[in-house]
$ cat work12.tsv   # TSV, C-alpha atoms
chain	number	residue	atom	x	y	z
A	50	GLN	CA	98.27	241.82	77.34
A	51	LYS	CA	94.74	240.84	78.32
A	52	ARG	CA	92.69	243.30	80.30
A	53	THR	CA	91.62	241.96	83.66
A	54	TYR	CA	88.97	243.13	86.08
A	55	GLY	CA	89.76	242.56	89.74
A	56	GLY	CA	92.35	239.93	88.88
A	57	GLU	CA	89.80	237.74	87.07
A	58	MET	CA	90.32	236.72	83.46
A	59	SER	CA	86.61	236.12	82.92
A	60	MET	CA	83.65	237.74	84.61
A	61	LYS	CA	79.97	238.17	83.92
A	62	PHE	CA	78.75	241.52	82.67
A	63	ARG	CA	75.31	243.06	82.30
A	64	LYS	CA	74.56	245.48	79.49
A	65	LYS	CA	74.18	249.02	80.80
A	66	PRO	CA	70.63	250.29	80.56
A	67	VAL	CA	70.36	252.48	77.48
A	68	ILE	CA	67.27	253.82	75.77
A	69	ILE	CA	66.99	253.15	72.06
A	70	GLU	CA	64.28	253.83	69.51
A	71	ALA	CA	62.93	250.95	67.48
A	72	PHE	CA	60.39	250.34	64.74
A	73	GLN	CA	59.12	246.94	63.66
A	74	MET	CA	59.20	246.57	59.88
A	75	THR	CA	56.32	244.56	58.45
A	76	LYS	CA	55.33	244.00	54.83
A	77	GLU	CA	52.49	246.47	55.34
A	78	ARG	CA	54.75	249.13	56.86
A	79	ARG	CA	57.23	248.62	54.02
A	80	GLN	CA	54.57	249.47	51.44
A	81	ASP	CA	52.94	252.26	53.48
A	82	ASN	CA	55.55	254.38	55.26
A	83	SER	CA	53.02	256.69	56.96
A	84	GLU	CA	53.93	255.22	60.38
A	85	TRP	CA	57.71	255.45	59.92
A	86	PRO	CA	59.42	257.57	62.59
A	87	ASP	CA	61.31	260.70	61.51
A	88	TRP	CA	64.72	259.09	62.06
A	89	LEU	CA	63.84	256.24	59.69
A	90	ASN	CA	62.54	258.62	57.03
A	91	GLN	CA	65.80	260.59	57.34
A	92	ALA	CA	67.82	257.39	56.87
A	93	TRP	CA	65.70	256.50	53.81
A	94	ASN	CA	66.55	259.89	52.27
A	95	LYS	CA	70.33	259.46	52.71
A	96	ALA	CA	72.34	258.65	49.60
A	97	TRP	CA	73.27	254.96	49.39
A	98	PRO	CA	75.74	253.67	50.61
A	99	GLU	CA	76.25	256.54	53.07
A	100	LEU	CA	76.66	255.22	56.62
A	101	GLY	CA	73.23	254.89	58.23
A	102	ALA	CA	71.36	254.94	54.93
A	103	VAL	CA	68.32	252.70	54.45
A	104	SER	CA	67.40	251.50	50.98
A	105	CYS	CA	65.42	248.78	49.26
A	106	GLU	CA	67.01	245.43	48.50
A	107	ASP	CA	66.06	245.44	44.81
A	108	TYR	CA	67.06	249.05	44.02
A	109	PRO	CA	66.62	250.41	41.38
A	110	ASN	CA	64.04	247.81	40.34
A	111	SER	CA	62.05	247.81	43.58
A	112	ASN	CA	58.32	247.21	43.45
A	113	GLY	CA	57.90	248.55	47.00
A	114	LYS	CA	57.50	245.03	48.40
A	115	ASP	CA	61.17	244.09	48.80
A	116	ARG	CA	63.04	244.05	52.08
A	117	LEU	CA	65.04	246.99	53.37
A	118	VAL	CA	68.82	247.11	53.72
A	119	ILE	CA	70.87	249.26	56.10
A	120	SER	CA	74.39	250.56	55.46
A	121	THR	CA	76.47	250.03	58.63
A	122	LEU	CA	80.12	250.01	59.69
A	123	GLU	CA	79.92	246.21	59.58
A	124	GLY	CA	78.57	246.20	56.02
A	125	VAL	CA	75.08	245.85	54.59
A	126	LEU	CA	72.46	244.50	57.02
A	127	TYR	CA	69.25	242.99	55.69
A	128	CYS	CA	66.04	243.77	57.52
A	129	GLY	CA	63.68	240.80	57.32
A	130	TRP	CA	59.94	240.98	57.78
A	131	ASN	CA	58.99	241.72	61.40
A	132	ASP	CA	62.60	242.58	62.28
A	133	TYR	CA	63.05	245.70	64.36
A	134	ILE	CA	65.10	248.58	63.00
A	135	ILE	CA	66.90	250.08	65.99
A	136	GLN	CA	68.42	253.52	66.32
A	137	GLY	CA	71.24	253.17	68.86
A	138	VAL	CA	72.64	255.64	71.35
A	139	LYS	CA	74.91	257.27	68.75
A	140	GLY	CA	72.25	257.38	66.02
A	141	GLU	CA	73.51	254.19	64.37
A	142	LEU	CA	70.93	251.92	62.76
A	143	TYR	CA	70.78	248.15	62.75
A	144	ALA	CA	68.25	245.35	62.39
A	145	CYS	CA	67.29	242.92	65.14
A	146	LYS	CA	65.25	239.70	64.96
A	147	PRO	CA	61.98	239.86	66.95
A	148	ASP	CA	62.89	237.08	69.40
A	149	ILE	CA	66.25	238.68	70.27
A	150	PHE	CA	64.59	242.10	70.51
A	151	GLU	CA	61.96	240.84	72.96
A	152	GLN	CA	64.63	239.18	75.12
A	153	THR	CA	66.81	242.29	75.15
A	154	TYR	CA	64.47	245.28	75.27
A	155	GLU	CA	61.36	246.37	77.14
A	156	PRO	CA	59.15	249.44	76.66
A	157	VAL	CA	60.04	252.67	78.46
A	158	ASP	CA	57.49	255.19	79.71
A	159	GLY	CA	57.51	258.60	78.06
A	160	GLY	CA	57.84	257.85	74.38
A	161	SER	CA	59.24	260.39	71.96
$ encode --input "work12.tsv" --output "structure tokens"
Amino acid sequence: QKRTYGGEMSMKFRKKPVIIEAFQMTKERRQDNSEWPDWLNQAWNKAWPELGAVSCEDYPNSNGKDRLVISTLEGVLYCGWNDYIIQGVKGELYACKPDIFEQTYEPVDGGS
């Protein structure tokens, strides 16, 4: 049986406002992780393929210039250059293309 809202089969919905943390991964930030937030460093130190782990695409033959990959419930996500790595409301990690990110998110005052 289909779930209905107010007798309608189809309605428009707006995403609830949630605050996420995000970090844009560039080639430079891939090679120099000094700007990585704590949550991303913690994900990097998880054992692959533990859920939420971040690793390098060419492991174990990485030269430090390859893209990152993220272990998620939906499988392995590839993080392209300039993609944002997002930590969601339950601590889950995923990658998001810059154009989608900019359409979906805006900065919040009072950073971490």
$ residues_around --input "work12.tsv" --residues "Gly140 of chain A" --least-positions-apart "4" --cutoff "9 Å" --atoms "all atoms listed in the file" --output "ChimeraX atom specification"
/A:88,101,136
$ closest_residue --input "work12.tsv" --among "A:Arg116, A:Asn131, A:Thr75, A:Val67" --to "Pro147 of chain A" --atoms "only C-alpha atoms"
A:Asn131
$ residues_around --input "work12.tsv" --residues "Ser120 of chain A" --least-positions-apart "5" --cutoff "10 Å" --atoms "all atoms listed in the file" --output "PyMOL selection string"
chain A and resi 92+97-104+125-127+141-143
$ closest_residue --input "work12.tsv" --among "A:Glu123, A:Asp148, A:Asp115, A:Asp158" --to "Lys76 of chain A" --atoms "only C-alpha atoms"
A:Asp115
$ atom_distance --input "work12.tsv" --atom1 "atom CA of Glu70 of chain A" --atom2 "atom CA of Gly137 of chain A"
7.0 Å
$ closest_residue --input "work12.tsv" --among "A:Val138, A:Glu151, A:Arg79, A:Asn94" --to "Asn112 of chain A" --atoms "all atoms listed in the file"
A:Arg79
$ atom_distance --input "work12.tsv" --atom1 "atom CA of Trp130 of chain A" --atom2 "atom CA of Gln73 of chain A"
8.4 Å
$ atom_distance --input "work12.tsv" --atom1 "atom CA of Ala144 of chain A" --atom2 "atom CA of Lys61 of chain A"
25.5 Å
$ residues_around --input "work12.tsv" --residues "Pro66 of chain A" --least-positions-apart "5" --cutoff "12 Å" --atoms "all atoms listed in the file" --output "ChimeraX atom specification"
/A:138,153-155,157
$ decode --input "work12.tsv" --residues "segment 72-83 of chain A" --atoms "N, CA, C and O atoms" --output "PDB file, in the first residue's frame"
ATOM      1  N   PHE A  72      34.221  19.376   3.325  1.00  0.00           N
ATOM      2  CA  PHE A  72      35.599  19.746   3.021  1.00  0.00           C
ATOM      3  C   PHE A  72      35.826  19.505   1.547  1.00  0.00           C
ATOM      4  O   PHE A  72      35.574  18.401   1.050  1.00  0.00           O
ATOM      5  N   GLN A  73      36.254  20.533   0.830  1.00  0.00           N
ATOM      6  CA  GLN A  73      36.478  20.375  -0.608  1.00  0.00           C
ATOM      7  C   GLN A  73      37.861  19.764  -0.848  1.00  0.00           C
ATOM      8  O   GLN A  73      38.869  20.284  -0.392  1.00  0.00           O
ATOM      9  N   MET A  74      37.858  18.639  -1.579  1.00  0.00           N
ATOM     10  CA  MET A  74      39.103  17.927  -1.841  1.00  0.00           C
ATOM     11  C   MET A  74      39.690  18.379  -3.178  1.00  0.00           C
ATOM     12  O   MET A  74      39.077  18.190  -4.221  1.00  0.00           O
ATOM     13  N   THR A  75      40.847  18.984  -3.104  1.00  0.00           N
ATOM     14  CA  THR A  75      41.575  19.408  -4.297  1.00  0.00           C
ATOM     15  C   THR A  75      42.818  18.544  -4.434  1.00  0.00           C
ATOM     16  O   THR A  75      43.187  17.811  -3.510  1.00  0.00           O
ATOM     17  N   LYS A  76      43.483  18.634  -5.574  1.00  0.00           N
ATOM     18  CA  LYS A  76      44.740  17.897  -5.746  1.00  0.00           C
ATOM     19  C   LYS A  76      45.749  18.312  -4.687  1.00  0.00           C
ATOM     20  O   LYS A  76      46.471  17.484  -4.131  1.00  0.00           O
ATOM     21  N   GLU A  77      45.789  19.615  -4.393  1.00  0.00           N
ATOM     22  CA  GLU A  77      46.748  20.118  -3.404  1.00  0.00           C
ATOM     23  C   GLU A  77      46.431  19.588  -2.010  1.00  0.00           C
ATOM     24  O   GLU A  77      47.323  19.183  -1.260  1.00  0.00           O
ATOM     25  N   ARG A  78      45.147  19.581  -1.652  1.00  0.00           N
ATOM     26  CA  ARG A  78      44.750  19.096  -0.327  1.00  0.00           C
ATOM     27  C   ARG A  78      44.896  17.577  -0.220  1.00  0.00           C
ATOM     28  O   ARG A  78      44.986  17.039   0.875  1.00  0.00           O
ATOM     29  N   ARG A  79      44.882  16.896  -1.348  1.00  0.00           N
ATOM     30  CA  ARG A  79      45.098  15.442  -1.331  1.00  0.00           C
ATOM     31  C   ARG A  79      46.551  15.150  -0.975  1.00  0.00           C
ATOM     32  O   ARG A  79      46.841  14.239  -0.215  1.00  0.00           O
ATOM     33  N   GLN A  80      47.478  15.951  -1.521  1.00  0.00           N
ATOM     34  CA  GLN A  80      48.897  15.711  -1.273  1.00  0.00           C
ATOM     35  C   GLN A  80      49.361  16.267   0.072  1.00  0.00           C
ATOM     36  O   GLN A  80      50.279  15.739   0.677  1.00  0.00           O
ATOM     37  N   ASP A  81      48.710  17.339   0.532  1.00  0.00           N
ATOM     38  CA  ASP A  81      49.061  17.964   1.811  1.00  0.00           C
ATOM     39  C   ASP A  81      47.811  17.965   2.678  1.00  0.00           C
ATOM     40  O   ASP A  81      46.916  18.772   2.480  1.00  0.00           O
ATOM     41  N   ASN A  82      47.747  17.051   3.646  1.00  0.00           N
ATOM     42  CA  ASN A  82      46.533  16.898   4.440  1.00  0.00           C
ATOM     43  C   ASN A  82      46.500  17.793   5.682  1.00  0.00           C
ATOM     44  O   ASN A  82      45.703  17.578   6.580  1.00  0.00           O
ATOM     45  N   SER A  83      47.349  18.819   5.732  1.00  0.00           N
ATOM     46  CA  SER A  83      47.423  19.665   6.927  1.00  0.00           C
ATOM     47  C   SER A  83      46.121  20.421   7.189  1.00  0.00           C
ATOM     48  O   SER A  83      45.861  20.818   8.323  1.00  0.00           O
TER      49      SER A  83
END
